[in-house]
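Undergrad: Here you go, this is my_file23.tsv (TSV, C-alpha atoms).
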chain	number	residue	atom	x	y	z
Y	1	MET	CA	20.50	22.71	20.89
Y	2	SER	CA	18.18	19.72	21.18
Y	3	ARG	CA	14.70	20.14	22.62
Y	4	SER	CA	14.18	18.62	26.07
Y	5	THR	CA	11.64	15.84	26.28
Y	6	THR	CA	11.06	16.30	30.02
Y	7	ALA	CA	8.23	18.32	31.51
Y	8	PRO	CA	8.98	21.99	32.29
Y	9	ILE	CA	9.85	23.04	35.86
Y	10	SER	CA	7.80	25.71	37.67
Y	11	LEU	CA	9.20	28.45	39.93
Y	12	SER	CA	8.52	26.24	42.93
Y	13	GLY	CA	10.86	23.60	41.54
Y	14	LYS	CA	8.11	21.10	40.73
Y	15	ARG	CA	7.60	19.65	37.29
Y	16	THR	CA	4.44	20.79	35.49
Y	17	PRO	CA	2.61	18.99	32.68
Y	18	ASP	CA	3.90	19.54	29.17
Y	19	THR	CA	0.98	21.63	27.91
Y	20	ARG	CA	2.21	21.34	24.32
Y	21	HIS	CA	1.81	17.55	24.35
Y	22	THR	CA	-1.57	17.83	26.12
Y	23	THR	CA	-2.84	20.31	23.54
Y	24	ALA	CA	-1.73	18.08	20.68
Y	25	ALA	CA	-3.37	15.01	22.22
Y	26	LYS	CA	-6.71	16.77	22.71
Y	27	ALA	CA	-6.66	18.17	19.18
Y	28	ILE	CA	-5.85	14.78	17.68
Y	29	VAL	CA	-8.69	13.14	19.62
Y	30	ALA	CA	-11.08	15.82	18.35
Y	31	LEU	CA	-10.06	15.10	14.77
Y	32	ALA	CA	-10.25	11.33	15.37
Y	33	VAL	CA	-13.88	11.73	16.48
Y	34	GLY	CA	-14.59	13.23	13.06
Y	35	SER	CA	-12.78	10.29	11.47
Y	36	PHE	CA	-14.97	7.96	13.55
Y	37	ALA	CA	-18.13	9.67	12.26
Y	38	ILE	CA	-16.98	9.35	8.64
Y	39	GLY	CA	-16.12	5.68	9.02
Y	40	THR	CA	-19.48	4.96	10.64
Y	41	THR	CA	-21.57	6.50	7.86
Y	42	GLU	CA	-19.44	5.09	5.05
Y	43	PHE	CA	-19.82	1.45	6.05
Y	44	SER	CA	-23.01	1.23	8.13
Y	45	ILE	CA	-25.27	1.61	5.11
Y	46	MET	CA	-23.87	-1.67	3.76
Y	47	GLY	CA	-25.06	-3.55	6.83
Y	48	LEU	CA	-28.50	-1.92	6.55
Y	49	LEU	CA	-28.87	-2.43	2.82
Y	50	GLN	CA	-31.78	-4.85	3.10
Y	51	GLU	CA	-33.77	-2.62	5.45
Y	52	MET	CA	-33.25	0.34	3.15
Y	53	VAL	CA	-34.29	-1.37	-0.08
Y	54	GLU	CA	-37.39	-2.89	1.54
Y	55	ASP	CA	-38.49	0.46	2.97
Y	56	LEU	CA	-37.91	2.35	-0.29
Y	57	GLY	CA	-39.29	-0.43	-2.49
Y	58	ILE	CA	-36.19	-0.67	-4.68
Y	59	SER	CA	-33.95	-3.52	-5.83
Y	60	VAL	CA	-30.72	-4.53	-4.10
Y	61	PRO	CA	-28.59	-3.31	-7.07
Y	62	ALA	CA	-30.40	0.06	-6.87
Y	63	GLY	CA	-29.56	0.14	-3.16
Y	64	GLY	CA	-25.92	-0.36	-4.12
Y	65	HIS	CA	-26.13	2.89	-6.09
Y	66	VAL	CA	-26.72	4.71	-2.78
Y	67	ILE	CA	-23.32	3.45	-1.69
Y	68	SER	CA	-21.85	4.57	-5.01
Y	69	ALA	CA	-23.39	8.05	-4.62
Y	70	TYR	CA	-21.46	8.64	-1.37
Y	71	ALA	CA	-18.26	7.38	-2.94
Y	72	MET	CA	-18.69	9.66	-5.95
Y	73	GLY	CA	-19.17	12.58	-3.56
Y	74	VAL	CA	-15.76	11.78	-2.07
Y	75	VAL	CA	-14.21	11.59	-5.54
Y	76	VAL	CA	-15.58	15.00	-6.53
Y	77	GLY	CA	-15.18	16.73	-3.18
Y	78	ALA	CA	-11.61	15.71	-2.31
Y	79	PRO	CA	-9.77	17.76	-4.97
Y	80	VAL	CA	-12.40	20.51	-5.32
Y	81	LEU	CA	-12.74	21.34	-1.62
Y	82	ALA	CA	-8.99	20.99	-1.06
Y	83	ALA	CA	-8.45	23.57	-3.82
Y	84	LEU	CA	-11.16	25.97	-2.59
Y	85	GLY	CA	-9.82	25.81	0.97
Y	86	ALA	CA	-6.12	26.15	0.14
Y	87	ARG	CA	-5.92	29.72	1.50
Y	88	MET	CA	-8.24	29.25	4.48
Y	89	PRO	CA	-7.01	28.77	8.05
Y	90	ARG	CA	-6.82	25.01	8.57
Y	91	LYS	CA	-9.00	25.01	11.68
Y	92	THR	CA	-11.70	27.03	9.92
Y	93	LEU	CA	-11.61	24.67	6.96
Y	94	VAL	CA	-11.84	21.47	8.98
Y	95	LEU	CA	-14.69	22.94	11.06
Y	96	GLY	CA	-16.61	23.84	7.93
Y	97	LEU	CA	-16.04	20.43	6.39
Y	98	MET	CA	-17.25	18.52	9.45
Y	99	LEU	CA	-20.27	20.79	9.95
Y	100	PHE	CA	-21.27	20.28	6.32
Y	101	PHE	CA	-20.78	16.52	6.77
Y	102	ALA	CA	-23.03	16.41	9.86
Y	103	LEU	CA	-25.84	18.43	8.28
Y	104	SER	CA	-25.70	16.40	5.06
Y	105	ASN	CA	-26.09	13.17	7.00
Y	106	LEU	CA	-29.02	14.63	8.90
Y	107	SER	CA	-30.68	15.52	5.59
Y	108	SER	CA	-30.49	11.82	4.60
Y	109	PHE	CA	-32.76	11.05	7.56
Y	110	PHE	CA	-35.47	13.24	6.03
Y	111	ALA	CA	-35.03	11.97	2.45
Y	112	GLY	CA	-38.54	11.19	1.25
Y	113	ASP	CA	-37.66	9.09	-1.78
Y	114	TYR	CA	-34.85	7.24	-3.50
Y	115	SER	CA	-33.71	10.17	-5.68
Y	116	TRP	CA	-33.45	12.53	-2.72
Y	117	LEU	CA	-31.51	9.92	-0.74
Y	118	LEU	CA	-29.04	9.54	-3.62
Y	119	PHE	CA	-28.50	13.30	-3.64
Y	120	THR	CA	-28.01	13.62	0.12
Y	121	ARG	CA	-25.56	10.72	0.16
Y	122	PHE	CA	-23.57	12.43	-2.59
Y	123	LEU	CA	-23.51	15.61	-0.48
Y	124	SER	CA	-22.38	13.65	2.58
Y	125	GLY	CA	-19.39	12.30	0.69
Y	126	LEU	CA	-18.11	15.67	-0.53
Y	127	PRO	CA	-16.12	16.64	2.62
Y	128	HIS	CA	-14.73	13.13	3.28
Y	129	GLY	CA	-11.38	13.24	1.48
Y	130	ALA	CA	-10.66	16.90	2.16
Y	131	PHE	CA	-11.33	16.41	5.88
Y	132	PHE	CA	-8.81	13.59	6.12
Y	133	GLY	CA	-6.25	15.57	4.12
Y	134	VAL	CA	-6.54	18.71	6.26
Y	135	ALA	CA	-6.79	16.75	9.52
Y	136	ALA	CA	-3.56	14.93	8.69
Y	137	VAL	CA	-1.74	18.22	8.07
Y	138	ILE	CA	-3.04	19.69	11.34
Y	139	ALA	CA	-2.10	16.62	13.37
Y	140	ALA	CA	1.41	16.51	11.90
Y	141	SER	CA	1.95	20.21	12.65
Y	142	LEU	CA	1.13	19.78	16.34
Y	143	VAL	CA	3.94	17.34	17.16
Y	144	ALA	CA	7.66	17.01	16.65
Y	145	PRO	CA	8.77	16.00	13.13
Y	146	THR	CA	9.74	12.56	14.38
Y	147	ARG	CA	6.15	11.92	15.54
Y	148	ARG	CA	4.23	13.10	12.48
Y	149	ALA	CA	3.36	9.61	11.23
Y	150	TRP	CA	2.14	8.66	14.70
Y	151	ALA	CA	-0.11	11.74	14.85
Y	152	ILE	CA	-1.62	11.03	11.44
Y	153	SER	CA	-2.18	7.37	12.33
Y	154	MET	CA	-4.02	8.43	15.50
Y	155	VAL	CA	-6.42	10.51	13.43
Y	156	MET	CA	-6.98	7.57	11.10
Y	157	LEU	CA	-7.50	5.31	14.12
Y	158	GLY	CA	-10.99	6.78	14.39
Y	159	LEU	CA	-11.81	5.24	11.03
Y	160	SER	CA	-10.63	1.80	12.14
Y	161	ILE	CA	-12.44	1.98	15.49
Y	162	ALA	CA	-15.61	2.94	13.63
Y	163	ASN	CA	-15.58	-0.44	11.93
Y	164	VAL	CA	-15.22	-2.24	15.26
Y	165	VAL	CA	-17.63	-0.16	17.36
Y	166	GLY	CA	-19.49	2.47	15.35
Y	167	VAL	CA	-20.62	0.35	12.40
Y	168	PRO	CA	-21.91	-2.63	14.46
Y	169	PHE	CA	-23.75	-0.26	16.82
Y	170	ALA	CA	-25.21	1.78	13.95
Y	171	THR	CA	-26.28	-1.46	12.23
Y	172	TRP	CA	-27.99	-2.63	15.41
Y	173	LEU	CA	-29.64	0.77	15.89
Y	174	GLY	CA	-30.88	0.75	12.31
Y	175	GLN	CA	-32.37	-2.70	12.73
Y	176	GLN	CA	-34.12	-1.78	15.97
Y	177	ALA	CA	-35.30	1.79	15.35
Y	178	GLY	CA	-35.25	2.00	11.56
Y	179	TRP	CA	-32.37	2.30	9.11
Y	180	ARG	CA	-32.70	6.10	8.86
Y	181	TRP	CA	-31.67	6.59	12.51
Y	182	MET	CA	-28.14	5.64	11.55
Y	183	PHE	CA	-27.88	9.07	9.89
Y	184	VAL	CA	-29.02	10.81	13.08
Y	185	LEU	CA	-26.33	8.98	15.06
Y	186	VAL	CA	-23.65	9.97	12.55
Y	187	ALA	CA	-24.81	13.61	12.51
Y	188	ALA	CA	-24.62	13.72	16.32
Y	189	ILE	CA	-21.06	12.35	16.31
Y	190	GLY	CA	-20.12	14.85	13.61
Y	191	LEU	CA	-21.48	17.76	15.65
Y	192	LEU	CA	-19.55	16.45	18.68
Y	193	SER	CA	-16.40	16.57	16.57
Y	194	VAL	CA	-17.22	20.15	15.52
Y	195	ALA	CA	-17.52	21.18	19.17
Y	196	MET	CA	-14.28	19.41	20.11
Y	197	VAL	CA	-12.33	20.85	17.18
Y	198	ALA	CA	-13.58	24.35	18.03
Y	199	ARG	CA	-12.46	23.86	21.63
Y	200	PHE	CA	-9.18	21.95	21.33
Y	201	VAL	CA	-7.61	22.51	17.90
Y	202	PRO	CA	-5.38	25.62	17.96
Y	203	TYR	CA	-5.76	28.30	15.34
Y	204	GLN	CA	-3.24	28.17	12.50
Y	205	ALA	CA	-2.87	31.03	10.06
Y	206	PRO	CA	-2.85	30.06	6.39
Y	207	LEU	CA	0.61	29.66	4.90
Y	208	ALA	CA	1.93	32.72	3.13
Y	209	GLY	CA	1.50	32.35	-0.61
Y	210	ALA	CA	-0.49	29.15	-0.20
Y	211	SER	CA	-1.89	28.01	-3.52
Y	212	ILE	CA	-3.10	24.78	-5.03
Y	213	LYS	CA	-1.53	25.63	-8.38
Y	214	GLY	CA	1.97	24.52	-7.38
Y	215	GLU	CA	0.69	21.19	-6.09
Y	216	LEU	CA	-1.36	20.55	-9.19
Y	217	SER	CA	1.67	21.17	-11.38
Y	218	ALA	CA	3.45	18.27	-9.66
Y	219	LEU	CA	0.67	15.86	-10.60
Y	220	GLY	CA	1.64	15.67	-14.25
Y	221	ARG	CA	3.55	12.47	-13.54
Y	222	THR	CA	2.73	9.02	-14.83
Y	223	GLN	CA	3.59	7.30	-11.56
Y	224	VAL	CA	1.11	9.40	-9.60
Y	225	TRP	CA	-1.75	8.39	-11.84
Y	226	LEU	CA	-0.64	4.76	-11.88
Y	227	ALA	CA	-0.66	4.75	-8.06
Y	228	LEU	CA	-4.17	6.21	-8.05
Y	229	LEU	CA	-5.27	3.66	-10.66
Y	230	VAL	CA	-3.93	0.78	-8.57
Y	231	GLY	CA	-6.09	1.97	-5.69
Y	232	THR	CA	-9.16	2.54	-7.84
Y	233	VAL	CA	-9.07	-0.82	-9.61
Y	234	GLY	CA	-7.39	-3.05	-7.03
Y	235	PHE	CA	-9.40	-1.77	-4.07
Y	236	GLY	CA	-12.57	-2.03	-6.13
Y	237	GLY	CA	-12.41	-5.79	-5.70
Y	238	PHE	CA	-12.80	-5.43	-1.95
Y	239	PHE	CA	-15.88	-3.20	-2.27
Y	240	ALA	CA	-17.48	-5.46	-4.87
Y	241	VAL	CA	-17.77	-7.99	-2.04
Y	242	TYR	CA	-18.37	-5.82	1.01
Y	243	SER	CA	-21.10	-3.68	-0.58
Y	244	TYR	CA	-23.41	-6.71	-0.67
Y	245	ILE	CA	-22.30	-8.43	2.50
Y	246	ALA	CA	-25.70	-8.22	4.23
Y	247	PRO	CA	-27.80	-10.05	1.60
Y	248	THR	CA	-24.95	-12.47	0.93
Y	249	MET	CA	-24.73	-13.47	4.60
Y	250	THR	CA	-28.49	-13.92	4.96
Y	251	GLU	CA	-29.40	-15.37	1.57
Y	252	VAL	CA	-26.32	-17.51	0.83
Y	253	ALA	CA	-24.72	-18.32	4.18
Y	254	GLY	CA	-28.06	-18.57	5.97
Y	255	ILE	CA	-26.98	-16.27	8.81
Y	256	SER	CA	-29.73	-14.52	10.79
Y	257	GLU	CA	-30.13	-10.76	10.40
Y	258	ASN	CA	-29.61	-10.44	14.15
Y	259	VAL	CA	-26.06	-11.72	13.69
Y	260	LEU	CA	-25.14	-9.11	11.05
Y	261	PRO	CA	-23.69	-6.68	13.65
Y	262	VAL	CA	-21.28	-9.47	14.63
Y	263	VAL	CA	-20.38	-10.00	10.98
Y	264	VAL	CA	-19.55	-6.33	10.38
Y	265	GLY	CA	-17.72	-6.30	13.70
Y	266	LEU	CA	-15.50	-9.15	12.50
Y	267	TYR	CA	-14.72	-7.13	9.40
Y	268	GLY	CA	-13.82	-4.16	11.60
Y	269	VAL	CA	-11.40	-6.18	13.72
Y	270	GLY	CA	-9.84	-7.49	10.53
Y	271	GLN	CA	-9.45	-3.94	9.25
Y	272	VAL	CA	-7.60	-2.80	12.38
Y	273	ILE	CA	-5.22	-5.78	12.11
Y	274	GLY	CA	-4.79	-5.22	8.38
Y	275	ASN	CA	-3.91	-1.56	8.82
Y	276	VAL	CA	-1.12	-2.42	11.25
Y	277	ALA	CA	0.16	-5.30	9.12
Y	278	GLY	CA	0.04	-3.23	5.93
Y	279	GLY	CA	2.09	-0.49	7.55
Y	280	ARG	CA	4.70	-3.00	8.72
Y	281	LEU	CA	4.99	-4.49	5.22
Y	282	ALA	CA	5.23	-1.04	3.63
Y	283	ASP	CA	8.15	-0.17	5.92
Y	284	ILE	CA	10.00	-3.17	4.51
Y	285	ASN	CA	9.20	-2.70	0.81
Y	286	VAL	CA	6.43	-0.49	-0.56
Y	287	MET	CA	5.98	-2.00	-4.01
Y	288	GLY	CA	6.70	-5.54	-2.83
Y	289	SER	CA	3.91	-5.24	-0.26
Y	290	ILE	CA	1.48	-3.94	-2.90
Y	291	TYR	CA	2.26	-6.93	-5.14
Y	292	ALA	CA	1.80	-9.41	-2.28
Y	293	ILE	CA	-1.40	-7.85	-0.95
Y	294	LEU	CA	-3.11	-7.67	-4.33
Y	295	GLY	CA	-2.12	-11.26	-5.06
Y	296	GLY	CA	-3.48	-12.30	-1.68
Y	297	THR	CA	-6.70	-10.42	-2.41
Y	298	VAL	CA	-7.27	-12.50	-5.55
Y	299	VAL	CA	-6.89	-15.73	-3.56
Y	300	ILE	CA	-9.08	-14.65	-0.63
Y	301	LEU	CA	-11.91	-13.31	-2.81
Y	302	LEU	CA	-12.01	-16.51	-4.86
Y	303	ALA	CA	-12.08	-18.50	-1.62
Y	304	TYR	CA	-14.91	-16.25	-0.41
Y	305	ALA	CA	-16.93	-16.95	-3.57
Y	306	TRP	CA	-16.87	-20.67	-2.76
Y	307	ALA	CA	-16.83	-20.77	1.06
Y	308	VAL	CA	-19.51	-18.13	1.73
Y	309	GLN	CA	-22.20	-20.80	1.28
Y	310	TYR	CA	-21.27	-22.18	4.72
Y	311	ALA	CA	-21.97	-20.02	7.79
Y	312	ALA	CA	-18.76	-20.87	9.68
Y	313	THR	CA	-16.39	-20.33	6.76
Y	314	ALA	CA	-18.36	-17.23	5.71
Y	315	MET	CA	-17.55	-15.61	9.07
Y	316	VAL	CA	-13.86	-16.47	8.70
Y	317	LEU	CA	-13.71	-15.12	5.15
Y	318	VAL	CA	-15.43	-11.86	6.13
Y	319	PHE	CA	-12.65	-11.35	8.68
Y	320	LEU	CA	-9.97	-12.14	6.08
Y	321	VAL	CA	-11.57	-9.78	3.54
Y	322	GLY	CA	-11.34	-7.02	6.16
Y	323	VAL	CA	-7.68	-7.83	6.81
Y	324	ILE	CA	-6.52	-8.02	3.20
Y	325	GLY	CA	-8.58	-5.02	2.10
Y	326	SER	CA	-7.22	-2.64	4.73
Y	327	MET	CA	-3.65	-3.91	4.30
Y	328	LEU	CA	-3.51	-2.19	0.93
Y	329	THR	CA	-4.12	1.34	2.23
Y	330	PRO	CA	-0.79	2.09	4.02
Y	331	PRO	CA	1.52	1.03	1.17
Y	332	LEU	CA	-0.68	2.79	-1.39
Y	333	GLN	CA	-0.57	6.00	0.64
Y	334	THR	CA	3.19	5.70	1.02
Y	335	ARG	CA	3.65	5.00	-2.68
Y	336	LEU	CA	1.58	8.02	-3.63
Y	337	LEU	CA	3.59	10.31	-1.36
Y	338	ASP	CA	6.85	8.86	-2.70
Y	339	VAL	CA	5.97	9.70	-6.30
Y	340	SER	CA	4.41	13.13	-5.65
Y	341	PRO	CA	7.06	15.41	-4.09
Y	342	GLY	CA	5.68	18.92	-3.92
Y	343	ALA	CA	2.08	17.70	-3.88
Y	344	GLU	CA	1.89	15.81	-0.58
Y	345	SER	CA	-1.13	17.59	0.90
Y	346	LEU	CA	-3.24	17.24	-2.22
Y	347	ALA	CA	-2.04	13.67	-2.65
Y	348	SER	CA	-3.58	12.76	0.71
Y	349	SER	CA	-6.98	13.94	-0.50
Y	350	LEU	CA	-6.62	12.32	-3.91
Y	351	ASN	CA	-5.78	8.99	-2.29
Y	352	HIS	CA	-9.15	8.98	-0.53
Y	353	ALA	CA	-10.81	10.01	-3.77
Y	354	ALA	CA	-9.23	7.04	-5.56
Y	355	LEU	CA	-10.26	4.59	-2.85
Y	356	ASN	CA	-13.82	5.85	-2.88
Y	357	LEU	CA	-13.91	5.67	-6.64
Y	358	ALA	CA	-13.01	2.04	-6.00
Y	359	ASN	CA	-16.00	1.92	-3.65
Y	360	ALA	CA	-18.27	3.18	-6.43
Y	361	LEU	CA	-16.74	0.88	-9.04
Y	362	GLY	CA	-16.97	-2.22	-6.87
Y	363	ALA	CA	-20.55	-1.56	-5.75
Y	364	LEU	CA	-21.61	-0.80	-9.32
Y	365	LEU	CA	-20.05	-3.90	-10.91
Y	366	GLY	CA	-21.19	-6.12	-8.06
Y	367	GLY	CA	-24.74	-4.85	-8.55
Y	368	VAL	CA	-24.53	-5.47	-12.29
Y	369	VAL	CA	-23.68	-9.17	-11.98
Y	370	ILE	CA	-26.37	-9.62	-9.33
Y	371	ALA	CA	-28.90	-7.96	-11.64
Y	372	TRP	CA	-27.82	-10.38	-14.40
Y	373	GLY	CA	-28.95	-13.22	-12.17
Y	374	TRP	CA	-25.51	-14.57	-11.34
Y	375	GLY	CA	-26.22	-14.61	-7.60
Y	376	TYR	CA	-24.71	-12.99	-4.52
Y	377	ARG	CA	-21.48	-14.98	-4.78
Y	378	SER	CA	-20.62	-13.48	-8.18
Y	379	PRO	CA	-19.39	-10.08	-6.89
Y	380	ALA	CA	-16.47	-11.91	-5.23
Y	381	VAL	CA	-15.37	-13.25	-8.63
Y	382	VAL	CA	-15.67	-9.73	-10.07
Y	383	GLY	CA	-13.59	-8.51	-7.14
Y	384	ALA	CA	-10.87	-11.08	-7.80
Y	385	VAL	CA	-10.67	-9.94	-11.43
Y	386	LEU	CA	-10.38	-6.29	-10.34
Y	387	ALA	CA	-7.63	-7.16	-7.86
Y	388	LEU	CA	-5.78	-9.03	-10.61
Y	389	LEU	CA	-6.02	-5.99	-12.89
Y	390	GLY	CA	-4.76	-3.81	-10.03
Y	391	LEU	CA	-1.78	-6.13	-9.63
Y	392	ALA	CA	-1.03	-5.82	-13.35
Y	393	ILE	CA	-1.06	-2.01	-13.10
Y	394	ALA	CA	1.21	-2.15	-10.04
Y	395	LEU	CA	3.68	-4.35	-11.91
Y	396	ILE	CA	3.76	-1.83	-14.76
Y	397	SER	CA	4.39	0.97	-12.28
Y	398	GLY	CA	7.18	-1.02	-10.62
Y	399	SER	CA	8.81	-1.72	-13.97
Y	400	LEU	CA	8.98	2.02	-14.65
Y	401	ASP	CA	10.95	2.44	-11.41
Y	402	ARG	CA	13.64	0.17	-12.78
Y	403	ARG	CA	14.20	2.24	-15.91
Y	404	PRO	CA	17.45	4.26	-15.94
Y	405	ALA	CA	17.03	7.87	-14.85
Y	406	ARG	CA	16.85	10.26	-17.79
Y	407	SER	CA	18.66	13.00	-15.95
Y	408	SER	CA	21.74	12.95	-13.78
Y	409	LYS	CA	20.02	15.58	-11.61
Y	410	ARG	CA	17.70	12.98	-10.13
Y	411	ILE	CA	18.53	12.67	-6.45
Y	412	HIS	CA	15.65	10.61	-5.10
Y	413	PRO	CA	15.91	6.82	-4.92
Y	414	ALA	CA	13.22	4.82	-6.65
Y	415	PRO	CA	10.17	4.63	-4.34
Y	416	GLY	CA	9.59	1.33	-2.63
Y	417	LYS	CA	13.23	0.34	-2.57
Please express the file's structure as structure tokens.
TA:
Amino acid sequence: MSRSTTAPISLSGKRTPDTRHTTAAKAIVALAVGSFAIGTTEFSIMGLLQEMVEDLGISVPAGGHVISAYAMGVVVGAPVLAALGARMPRKTLVLGLMLFFALSNLSSFFAGDYSWLLFTRFLSGLPHGAFFGVAAVIAASLVAPTRRAWAISMVMLGLSIANVVGVPFATWLGQQAGWRWMFVLVAAIGLLSVAMVARFVPYQAPLAGASIKGELSALGRTQVWLALLVGTVGFGGFFAVYSYIAPTMTEVAGISENVLPVVVGLYGVGQVIGNVAGGRLADINVMGSIYAILGGTVVILLAYAWAVQYAATAMVLVFLVGVIGSMLTPPLQTRLLDVSPGAESLASSLNHAALNLANALGALLGGVVIAWGWGYRSPAVVGAVLALLGLAIALISGSLDRRPARSSKRIHPAPGK
């Protein structure tokens, strides 16, 4: 018997609200607030890079290492915390992860020196990937099977909105009140998410026999690691540029610091558009979209390296970098799930680990070429090279799909077809 989609009828004969749908919506919003907090802290520090390095008395490349420290926290925390929390109730786990995230960001406000700030940023990154992985599972479990992707996308919407609203506002706040106050803002949003999750997310008992061991055993596959490598290398090109967007806009394009919130806002709008476009392309052809997006990234980053010297074209290219960078995420996530049957929940966390390893790689290499004296336009060339390498890895992965199956027992079609 099919489930009715109409609202239930009370004893009086009047229709009453579908409480199941209302509960799911409130829970998803609560999780999306946490996603918003994570997106705000991850990207706001890039817009406040100059204020931070001047206050701490460090170089711009050293400031880039603060960005890398957060990303490395994500890389370490995603698989470790997912494993440690495998047998915990999902609500308890996501509450603990967001509370830890909020307190870690607050500790960055009190960091007295550069070393302490590096450590607190690493701590702040630890719950990032695991939170998104668990939040996605919770959201999917609250709706009908045919609406799981929608529920997960609504949680991730908080991340996209952060780049349109949260990051520009945090950048403005940091410029007006001091760059450290960005961490206070993020901690407050994180604590709001904790309160909302505690109130609106229903309790879910841990699955009987839940263990990370079975999922880990499914990761001994070449295609899984190739998918992660595509994200790490290919997405690194995007972060090589965006990590140093503030000094590039002011020193090369000649844009006033007061306009930086508009610049990061343009990137955020581009990211929202790119997420939607990337999902549409992935629905048509997963691997084909990865090839096209990485190729487009090479072209756009090379154009950025030349056109960023002019204020008008710099603004346009920042928008396009946001579009092309975020377009890669949906097909990469889909590809990773396609090649990891039996490890879907862990794969979600590992995907965020790979993308944040790309964050660390891009920021590190971009800082290296700046330190060599090649100028603020050079990270874009580094980014184009990384995107080209990512495309080469994707082509190798795609070629493996076309090899004849070794066993007649294979029942799954080649991913991306």
Undergrad: So the first atom is CA of Val53 (chain Y) and the second is CA of Phe319 (chain Y); what is the distance between them in Å, to one decimal place?
TA: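 CA of Phe319 (chain Y) lies at a distance of 25.4 Å from CA of Val53 (chain Y).
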Undergrad: Of the candidates Y:Ser35, Y:Ser104, Y:Asn359, Y:Thr329, which shows the shortest atom-to-atom distance to Leu192 (chain Y), using only C-alpha atoms?
TA: Y:Ser35
Undergrad: What's the separation between CA of His65 (chain Y) and CA of Met182 (chain Y), in Å to one decimal place?
TA: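 CA of His65 (chain Y) sits 18.0 Å away from CA of Met182 (chain Y).
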Undergrad: Identify which of the residues Y:Ala380, Y:Ser59, Y:Ala387, Y:Val155 lies closest to Gly295 (chain Y), counting all atoms listed in the file when measuring atom-to-atom distances.
TA: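 Looking only at the distances to Gly295 (chain Y), the closest residue turns out to be Y:Ala387.
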Undergrad: Name the residues in contact with Leu391 (chain Y) at a cut-off of 12 Å, using all atoms listed in the file, excluding same-chain residues fewer than 3 positions from it; report them as a JSON list (two decimals) with C-alpha atoms, in the coordinates of the input.
TA:
[["chain", "number", "residue", "atom", "x", "y", "z"],
["Y", 226, "LEU", "CA", -0.64, 4.76, -11.88],
["Y", 227, "ALA", "CA", -0.66, 4.75, -8.06],
["Y", 229, "LEU", "CA", -5.27, 3.66, -10.66],
["Y", 230, "VAL", "CA", -3.93, 0.78, -8.57],
["Y", 231, "GLY", "CA", -6.09, 1.97, -5.69],
["Y", 232, "THR", "CA", -9.16, 2.54, -7.84],
["Y", 233, "VAL", "CA", -9.07, -0.82, -9.61],
["Y", 234, "GLY", "CA", -7.39, -3.05, -7.03],
["Y", 235, "PHE", "CA", -9.40, -1.77, -4.07],
["Y", 237, "GLY", "CA", -12.41, -5.79, -5.70],
["Y", 287, "MET", "CA", 5.98, -2.00, -4.01],
["Y", 288, "GLY", "CA", 6.70, -5.54, -2.83],
["Y", 289, "SER", "CA", 3.91, -5.24, -0.26],
["Y", 290, "ILE", "CA", 1.48, -3.94, -2.90],
["Y", 291, "TYR", "CA", 2.26, -6.93, -5.14],
["Y", 292, "ALA", "CA", 1.80, -9.41, -2.28],
["Y", 293, "ILE", "CA", -1.40, -7.85, -0.95],
["Y", 294, "LEU", "CA", -3.11, -7.67, -4.33],
["Y", 295, "GLY", "CA", -2.12, -11.26, -5.06],
["Y", 296, "GLY", "CA", -3.48, -12.30, -1.68],
["Y", 297, "THR", "CA", -6.70, -10.42, -2.41],
["Y", 298, "VAL", "CA", -7.27, -12.50, -5.55],
["Y", 328, "LEU", "CA", -3.51, -2.19, 0.93],
["Y", 384, "ALA", "CA", -10.87, -11.08, -7.80],
["Y", 385, "VAL", "CA", -10.67, -9.94, -11.43],
["Y", 386, "LEU", "CA", -10.38, -6.29, -10.34],
["Y", 387, "ALA", "CA", -7.63, -7.16, -7.86],
["Y", 388, "LEU", "CA", -5.78, -9.03, -10.61],
["Y", 394, "ALA", "CA", 1.21, -2.15, -10.04],
["Y", 395, "LEU", "CA", 3.68, -4.35, -11.91],
["Y", 396, "ILE", "CA", 3.76, -1.83, -14.76],
["Y", 397, "SER", "CA", 4.39, 0.97, -12.28],
["Y", 398, "GLY", "CA", 7.18, -1.02, -10.62]]
Undergrad: Excluding Phe122 (chain Y) and its own-chain neighbours fewer than 5 positions away, which residues fall within 6 Å of it when counting only C-alpha atoms? Please give them as an MDAnalysis selection string.
TA: chainID Y and resid 69:70 73
Undergrad: Considering only C-alpha atoms, return as an mmCIF file with C-alpha atoms, in the coordinates of the input whatever protein or nucleic-acid residues lie within 10 Å of Tyr203 (chain Y), sequence-local ones (same chain, fewer than 5 positions apart) excluded.
TA:
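Below is the file that was written, selection35.cif:
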data_model
loop_
_atom_site.group_PDB
_atom_site.id
_atom_site.type_symbol
_atom_site.label_atom_id
_atom_site.label_comp_id
_atom_site.auth_asym_id
_atom_site.auth_seq_id
_atom_site.Cartn_x
_atom_site.Cartn_y
_atom_site.Cartn_z
ATOM 1 C CA PRO Y 89 -7.010 28.770 8.050
ATOM 2 C CA ARG Y 90 -6.820 25.010 8.570
ATOM 3 C CA LYS Y 91 -9.000 25.010 11.680
ATOM 4 C CA THR Y 92 -11.700 27.030 9.920
ATOM 5 C CA ILE Y 138 -3.040 19.690 11.340
ATOM 6 C CA ALA Y 198 -13.580 24.350 18.030
#
Undergrad: Just want the 12 Å neighbourhood of Thr23 (chain Y), counted on all atoms listed in the file, with same-chain residues fewer than 6 positions away dropped. Output as a list in words.
TA: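 Here the answer would be Pro17, Val29, Ala30, Ala139, Ser141, Leu142, Val143, Met196, Val197, Arg199, Phe200, Val201, Pro202 and Tyr203 of chain Y.
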